[in-house]
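Chemist: Sharing a structure here in structure tokens format.
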Number of protein chains: 6
Amino acid sequence: MSGSLALPTDISDVVARALAEDVGGGDATAALIEPAQRATAELRVREEAVLCGSPWFDDVFRQVDPAIAVSWHYADGAALEDNVTVCTVAGPARAILTGERTAINFLQTLSGTATAVQRFVAALGHTRTRLLDTRKTLPGLRSAQKYAVRCGGGLNHRQGLFDAILIKENHIAACGGSIAAAVERARSLSPSLPLEVEVENLAQLHEALQTQADRLLLDDFTPEQLREAVALRDAHAGARKELEASGGIDIANVRAIAEAGVDYISIGGLTKHVRAIDFSLRFV
Amino acid sequence: MSGSLALPTDISDVVARALAEDVGGGDATAALIEPAQRATAELRVREEAVLCGSPWFDDVFRQVDPAIAVSWHYADGAALEDNVTVCTVAGPARAILTGERTAINFLQTLSGTATAVQRFVAALGHTRTRLLDTRKTLPGLRSAQKYAVRCGGGLNHRQGLFDAILIKENHIAACGGSIAAAVERARSLSPSLPLEVEVENLAQLHEALQTQADRLLLDDFTPEQLREAVALRDAHAGARKELEASGGIDIANVRAIAEAGVDYISIGGLTKHVRAIDFSLRFV
Amino acid sequence: MSGSLALPTDISDVVARALAEDVGGGDATAALIEPAQRATAELRVREEAVLCGSPWFDDVFRQVDPAIAVSWHYADGAALEDNVTVCTVAGPARAILTGERTAINFLQTLSGTATAVQRFVAALGHTRTRLLDTRKTLPGLRSAQKYAVRCGGGLNHRQGLFDAILIKENHIAACGGSIAAAVERARSLSPSLPLEVEVENLAQLHEALQTQADRLLLDDFTPEQLREAVALRDAHAGARKELEASGGIDIANVRAIAEAGVDYISIGGLTKHVRAIDFSLRFV
Amino acid sequence: MSGSLALPTDISDVVARALAEDVGGGDATAALIEPAQRATAELRVREEAVLCGSPWFDDVFRQVDPAIAVSWHYADGAALEDNVTVCTVAGPARAILTGERTAINFLQTLSGTATAVQRFVAALGHTRTRLLDTRKTLPGLRSAQKYAVRCGGGLNHRQGLFDAILIKENHIAACGGSIAAAVERARSLSPSLPLEVEVENLAQLHEALQTQADRLLLDDFTPEQLREAVALRDAHAGARKELEASGGIDIANVRAIAEAGVDYISIGGLTKHVRAIDFSLRFV
Amino acid sequence: MSGSLALPTDISDVVARALAEDVGGGDATAALIEPAQRATAELRVREEAVLCGSPWFDDVFRQVDPAIAVSWHYADGAALEDNVTVCTVAGPARAILTGERTAINFLQTLSGTATAVQRFVAALGHTRTRLLDTRKTLPGLRSAQKYAVRCGGGLNHRQGLFDAILIKENHIAACGGSIAAAVERARSLSPSLPLEVEVENLAQLHEALQTQADRLLLDDFTPEQLREAVALRDAHAGARKELEASGGIDIANVRAIAEAGVDYISIGGLTKHVRAIDFSLRFV
Amino acid sequence: MSGSLALPTDISDVVARALAEDVGGGDATAALIEPAQRATAELRVREEAVLCGSPWFDDVFRQVDPAIAVSWHYADGAALEDNVTVCTVAGPARAILTGERTAINFLQTLSGTATAVQRFVAALGHTRTRLLDTRKTLPGLRSAQKYAVRCGGGLNHRQGLFDAILIKENHIAACGGSIAAAVERARSLSPSLPLEVEVENLAQLHEALQTQADRLLLDDFTPEQLREAVALRDAHAGARKELEASGGIDIANVRAIAEAGVDYISIGGLTKHVRAIDFSLRFV
């Protein structure tokens, strides 16, 4: 079906743990609210942002009390203007109060990531370069943050160490210093995984272009070096290898890097830094 | 990167539980083997099959002892001939024996699913119809079986109740019998999820074509009815909706269903029945 | 108390995981149903089968909403005729729809196993031989499938590597090729566990009869060899050892194997293959 | 196979949690020991006891380091004299020190229970009455303590609320005060579970004898009342119902209760109180 | 804020596991109670005790059904007289019955520990010596029992191996027999953890007083030896080290040990033995 | 013992989940490194920071391979200068590479929080006001972030909803608008928990001062209003209540708020925003 953002499969586990650490042995204050009291609340955003995290928000309330209904006015990935009502939450008042903070914690964190990603994507302008995340993530929130990257318009690099091969300097050294030997051995150990090699200069790039690698990671190359790397790749006969730039890239220089012609730019800061978005939930 | 089959993210959890139920409080027999003894073993397949499950197999041995190395001669999705050596396992003999059964249990189950799927895909021949799985899966193995479906050449329907909307008879009844009302309400509750509606006859199909649904599920239609449904859809102005056939489809009639022109065929039997593939591991 | 089938202790864990993979971050479609709507539904079976899995089915609905009540017309282990109503489910409509697929997935899988087992047990006729399962199970469903074997009239072999010793060729080799040495060492490491030895010919059987083993596993013996093995065992002075046949046994030859006089027959196919039983739940 | 004590299936989970709470983020002191240093240690008991817990003890060390070998000189259920060497632990010194306390915590707790049970069993002498445990257990150790009861010579009552029906006063009141109605309804809800009814006097016993209950629980009856109850039961036509006495039973009066002729005596104190057995592990 | 007893953070996990083992696949008997029936029950204590465990008790009922309300008449740490009403439980009758046993199991176990601790604290009289627990705890209940120790008026020693260093004989031997070397190395590996050294005689105490250790553990010293140890410590220039006595201490000699002037006394029996307190819940 | 920062008890769980999401079914690239190869690596910090997270870092490597040793040159809470070597990691090269990213992810996130907290604490200068965190945390990292707050010199507000009462507007409304009634009811429900009330103006402050609350939260008060609040509190007879300011506080105005004389200032931004610290691990 069209348009799906491919939800992570561990939402309910991640939500259960977040609720456990907040609710623990029960909400000692919520007991003041009568069990039968019902309420409706509106969630507002207090700044411009890209929305992300609605399935976690939904699931927090579902786990606290399935009688709570959430109606969304915007979908994940939507650009929110300041002060709009994002969704409406209706149901038992006690349960809404118990879930409120945990639900918003997900939304403010993931919308923060999506918003940061969208800023970088906008900076790329009309280049063909795509933005990638990294494995520099908040522990326990890997799949959620990778979903937020997609909501912001980025693409995901590998989920973790298990679903793609990335051969770095230490791996090459362990194979006698030969990129070719490292690629060949990795290919036989895991015949069906994507395979990328990190290179540190044009000589290594030349060597890596001869191998069966799918993609080459150019670490800490200047825009000028990147242009040479793209030319070298384009001149190489055989299957076209993708090129990915990383290292020292920020909002100020990302456009220049992209214009050097690389296929991908990966940035750790997208997921390791977080500027939470300000949301508030008010009873109406 | 090209060619990746998109590994599930819960492999290590699923493997840890499988090991727990087999190894529990320890392998009471393995203690007979000296800790220092090393061994090499070959895994053979005893019948033709589509290989599936190597990441689970790898992870079983990694969890039992990270000193075990597995080298694969085939990738997941490969067509195996009878009696070939599929991989080689080398490391501490005691640990290989402890992990053997659990590792093979994953491989025999998932290769069974991939092989069954491949048989159906082959039966579809050169039609443009794609094969889908369902939510009729072995409890606890949902993401693993969905990966096996991809290895066999099929596509995945939704992962579960959380990542797509499928409106059935009971949901429509709850919205006053109106397909239009049900679709509209579902869209506002979950603005970014794919949305499918199940229809039971051509009149309902006609009604559903007017909505914002992405796909329509034609349950228990005959090939003749399916042809009419396709014609009705093609004649409808507006965004093209995908059509999916399900119900009573087996290896004998799947080609005829496909030739009626539907976009998808979904079959529960792909994942609810299992004919395990015969593998054996022998020390060399 | 009489007649209990000894329920596994991990039902709620296994059910929680199955619900997590299906419901994940919430049932996106069930939100169409009003929270207050109640319903009654009947579960029917669409073929002859041995019922198995009612405690998992119950627990799925209990975890989704404790207000759902399930009334059973048959007990686990009962032979169901085609098309009978097996149980009635009553409670909140939304929750019934959310739990339906997961609940049936357990029932169709476990009844499939119980039904297959019952067919083998019937084939054994009036011989004194008992049918055993193996460790060739669906990962994550070990204790559930072993319960299904009991429901079908079979007995359980060991749960896993931890609750009985089974000495095979590799273990014997590690003890210098001596069955006696292997048995003696295993006995001192785990003084209270049942102890079985796999033998591959009559000479090994002879050697194993001299040890403290409780049972001997005769792998891939012909019926004729099995009869000799039984005679050898009967002629041996000292504590009577049980004999178990395994390897290459199917519904066609199981009776002949049994008539050779062995105490047990173990068959991997009981639990590694699954032909799910067809159940459907309809609102009334 | 003969003689097995039926190990719980959750040993590795329970051990993993116990290790997590003790080892948490690592053994800060063990780092003083060289990784390569090996050691042999002997476990001694410092008082007379019934041994229980060896599979948990084994599993603690296996999880800490699979290179540790444990050789047992006694089996679970054995009567240990003061000061004997119970087992020998050999392997990496660092790992032995890390696992020592957790391993002994299991052994001292479970041997404490087995020893207490054995004292009650001895007090029963040659009566035919069997000793049962209850659901008054240490949270998280239910299956382990029930195994300890078996090691001490007792039998297990139900594991929990899920595997047997026990109808008490409140349940009867909810069925209009009718024992017959309560039993009939329970039977249809759970056709295959054992069914017991608690009765508080001889009139209720008379009523319960007419039902399909499997067993009757006589709460707080005097020995004289128990004798009358046994006579009433014996005089009743139809399937013989088992009788179980509970309430206010201790080591001083348990023999008198048994001699009244009941089939079972259940005692909460077996598992709710713990007098740990004194074990110590010394390097040799 | 003043007066808090610092609740453990794993209450909901520990409660979830305890419920899982008792409720498993559902409360087969509670189904007799109408879902809509409500009840109020009173919890009474049947002996004098120190109350402990109310957050676990609360959480059991919250997890079973959030509609249950518990009102406490006493706080954890309070001295309860025999037969007082400790709290009132109100809500759905079915859910109260399902949670009753698990809730009381926590209360009876933890109040047992708090009560035992309070007895020892009372025996210390007006000495300045403080009572400590140890790592000899019930597996899985470490943090709960340590909370109970605080409720009874004791202090906690380290939570486990991870949050403090305790250098014993084997660690010293591994550092060439030098206490100074062991302390120095431990300090560099974990610069911010508290550091304690176990000494077995006055010569070792003298050596340990020269190091950077924070506290010294005097194992199996007589009161006379302890007095000498205190004098030696007081005479030592440099940062004052705390002294802790352990080994062979019971209610009869604890006062004499304290009067020798040590800062702390640690006693394994506080948490390894349990005499459960008798509570009962009655519908009113 | 002196100086301990009170480690969270869930470190190993949090680390296990972080490793699971990164390592999943195994490190596909690490297999290139020979199992026997050993390495030593140094961790450097690339900017000034407050160190935090060493127990998580240690535990990542311990879980990956217990043969890895980490030696620290600084303790958690230490002020690191740019480019110093923070610790040394030695052991099997393969395992070091597998754990590297997850270990650093913890360190960069938690040091980021500790560093931000330290900046605010420095801004408070010599006032007596203490800095508090809130429940606005990264889901799943609550206890870790609260530890980081302590490392940075802050204090912790409540862990979650379970260990303290915080009565807000909605709770007061549910008790008929009476602060006194709300406090009284909360006190009886949870007699031993700390109790705080949020007030929005001086009139509410006056009312709250009459109750048994331990602390009063002054939300969005100006410095001038805060001074009046402090004066009002000081003039009130009876037990002195603590005052806490929150809302709209940043590094620019925190000193002015503190000088108004409140006891505490709580700031959500300490834990909801993260600026990760830059660390790198290099083989030497």
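Ordered as shown in the structure tokens, chains take letters A, B, and onward, while each chain numbers its residues from 1 and ligands are numbered from 1 in the order shown.
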Output as a list in words the set of chain E residues within 7 Å of chain C, with distances taken over only C-alpha atoms.
Modeler: Ala20, Glu21, Gly24, Gly25, Gly26 and Pro35 of chain E
Chemist: Using only C-alpha atoms, which residues sit within 8 Å of stretch 159-173 of chain D once same-chain residues fewer than 2 positions away are excluded, as a PyMOL selection string?
Modeler: (chain C and resi 6-7+9) or (chain D and resi 135+142-143+146+156-157+175-179+182-183+186+193-199) or (chain E and resi 21-30+32-33+98)
Chemist: DSSP says strand (DSSP E) for which residues of stretch 4-43 of chain E? Put them as an mmCIF file with N, CA and C atoms, in the first residue's frame?
Modeler:
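Listing of part-v5.cif after writing:
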data_model
loop_
_atom_site.group_PDB
_atom_site.id
_atom_site.type_symbol
_atom_site.label_atom_id
_atom_site.label_comp_id
_atom_site.auth_asym_id
_atom_site.auth_seq_id
_atom_site.Cartn_x
_atom_site.Cartn_y
_atom_site.Cartn_z
ATOM 1 N N ARG E 38 -19.173 -5.750 42.557
ATOM 2 C CA ARG E 38 -18.174 -4.977 43.283
ATOM 3 C C ARG E 38 -18.102 -5.449 44.729
ATOM 4 N N ALA E 39 -16.960 -5.202 45.373
ATOM 5 C CA ALA E 39 -16.816 -5.643 46.762
ATOM 6 C C ALA E 39 -15.848 -4.724 47.501
ATOM 7 N N THR E 40 -15.946 -4.756 48.829
ATOM 8 C CA THR E 40 -14.988 -4.071 49.691
ATOM 9 C C THR E 40 -14.427 -5.106 50.651
ATOM 10 N N ALA E 41 -13.113 -5.070 50.834
ATOM 11 C CA ALA E 41 -12.480 -6.057 51.712
ATOM 12 C C ALA E 41 -11.516 -5.354 52.656
ATOM 13 N N GLU E 42 -11.330 -5.951 53.824
ATOM 14 C CA GLU E 42 -10.404 -5.403 54.811
ATOM 15 C C GLU E 42 -9.234 -6.351 55.020
ATOM 16 N N LEU E 43 -8.060 -5.779 55.067
ATOM 17 C CA LEU E 43 -6.871 -6.570 55.341
ATOM 18 C C LEU E 43 -6.521 -6.433 56.812
#
Chemist: Skip F:Glu242 itself and residues of its chain fewer than 3 positions away, then list as a list of chain:residue names all residues within 9 Å of it, counting only C-alpha atoms.
Modeler: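 Close residues of F:Glu242: E:Met1, F:Asp214, F:Arg215, F:Leu216, F:Leu217, F:Arg233, F:Val262, F:Asp263, F:Tyr264.
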Chemist: Can you pull out every residue within 9 Å of C:Ile277, counting only C-alpha atoms, but drop anything in the same chain fewer than 6 positions away, and send it as a list in words?
Modeler: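 After dropping sequence-adjacent residues, the list is Val45, Arg46, Glu47, Glu48, Ala49, Leu107, Gln108, Thr109, Leu110, Ser111, Gly112 and Thr115 of chain C.
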Chemist: Convert the current residue selection to file output with N, CA and C atoms, as a PDB file, in the first residue's frame.
Modeler:
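Written file, result15.pdb:
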ATOM      1  N   VAL C  45     -15.294 -25.088  14.424  1.00  0.00           N
ATOM      2  CA  VAL C  45     -14.195 -25.780  13.781  1.00  0.00           C
ATOM      3  C   VAL C  45     -14.713 -26.253  12.427  1.00  0.00           C
ATOM      4  N   ARG C  46     -13.867 -26.169  11.393  1.00  0.00           N
ATOM      5  CA  ARG C  46     -14.326 -26.491  10.040  1.00  0.00           C
ATOM      6  C   ARG C  46     -13.836 -27.841   9.543  1.00  0.00           C
ATOM      7  N   GLU C  47     -13.349 -28.685  10.441  1.00  0.00           N
ATOM      8  CA  GLU C  47     -12.890 -30.019  10.053  1.00  0.00           C
ATOM      9  C   GLU C  47     -12.806 -30.859  11.327  1.00  0.00           C
ATOM     10  N   GLU C  48     -12.687 -32.172  11.210  1.00  0.00           N
ATOM     11  CA  GLU C  48     -12.488 -33.017  12.393  1.00  0.00           C
ATOM     12  C   GLU C  48     -11.123 -32.727  12.986  1.00  0.00           C
ATOM     13  N   ALA C  49     -11.056 -32.696  14.310  1.00  0.00           N
ATOM     14  CA  ALA C  49      -9.784 -32.367  14.940  1.00  0.00           C
ATOM     15  C   ALA C  49      -9.802 -32.760  16.406  1.00  0.00           C
ATOM     16  N   LEU C 107      -4.882 -21.692  18.789  1.00  0.00           N
ATOM     17  CA  LEU C 107      -5.761 -22.861  18.718  1.00  0.00           C
ATOM     18  C   LEU C 107      -5.505 -23.673  17.455  1.00  0.00           C
ATOM     19  N   GLN C 108      -5.327 -23.012  16.319  1.00  0.00           N
ATOM     20  CA  GLN C 108      -5.152 -23.745  15.063  1.00  0.00           C
ATOM     21  C   GLN C 108      -3.816 -24.487  15.034  1.00  0.00           C
ATOM     22  N   THR C 109      -2.777 -23.867  15.649  1.00  0.00           N
ATOM     23  CA  THR C 109      -1.457 -24.496  15.653  1.00  0.00           C
ATOM     24  C   THR C 109      -1.437 -25.692  16.602  1.00  0.00           C
ATOM     25  N   LEU C 110      -1.908 -25.485  17.817  1.00  0.00           N
ATOM     26  CA  LEU C 110      -1.819 -26.549  18.825  1.00  0.00           C
ATOM     27  C   LEU C 110      -2.802 -27.684  18.539  1.00  0.00           C
ATOM     28  N   SER C 111      -3.981 -27.353  18.039  1.00  0.00           N
ATOM     29  CA  SER C 111      -4.906 -28.425  17.655  1.00  0.00           C
ATOM     30  C   SER C 111      -4.335 -29.208  16.477  1.00  0.00           C
ATOM     31  N   GLY C 112      -3.595 -28.542  15.611  1.00  0.00           N
ATOM     32  CA  GLY C 112      -2.933 -29.242  14.517  1.00  0.00           C
ATOM     33  C   GLY C 112      -1.975 -30.303  15.041  1.00  0.00           C
ATOM     34  N   THR C 115      -3.914 -33.172  16.830  1.00  0.00           N
ATOM     35  CA  THR C 115      -4.604 -34.019  15.855  1.00  0.00           C
ATOM     36  C   THR C 115      -3.627 -34.972  15.179  1.00  0.00           C
TER      37      THR C 115
END
Chemist: Please measure the separation of atom CA of A:Asp219 and atom CA of A:Gly268, giving the value in Å to one decimal.
Modeler: 12.6 Å
Chemist: Could you list, as a PyMOL selection string, every residue within 7 Å of D:Pro191, counting only C-alpha atoms and ignoring same-chain residues fewer than 5 positions away?
Modeler: chain C and resi 72+74-75
Chemist: D:Val121, D:Ile96, D:Val86, D:Leu218: which is nearest D:Asn201, counting only C-alpha atoms?
Modeler: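 Comparing D:Val121, D:Ile96, D:Val86, D:Leu218 against D:Asn201, the winner is D:Leu218.
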Chemist: What lies within 9 Å of C:Asp220 using only C-alpha atoms, ignoring chain neighbours under 4 positions off, as a list in words?
Modeler: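 What passes the distance filter is Glu200, Ala245, Ser246, Gly247, Gly248 and Ile249 of chain C.
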Chemist: Just the selected residues (C-alpha atoms), exported as an mmCIF file, in the first residue's frame, please.
Modeler:
data_model
loop_
_atom_site.group_PDB
_atom_site.id
_atom_site.type_symbol
_atom_site.label_atom_id
_atom_site.label_comp_id
_atom_site.auth_asym_id
_atom_site.auth_seq_id
_atom_site.Cartn_x
_atom_site.Cartn_y
_atom_site.Cartn_z
ATOM 1 C CA GLU C 200 23.606 -47.638 16.712
ATOM 2 C CA ALA C 245 13.012 -46.484 18.639
ATOM 3 C CA SER C 246 13.519 -43.427 16.436
ATOM 4 C CA GLY C 247 14.413 -42.484 12.863
ATOM 5 C CA GLY C 248 12.478 -42.828 9.645
ATOM 6 C CA ILE C 249 9.162 -43.644 11.322
#
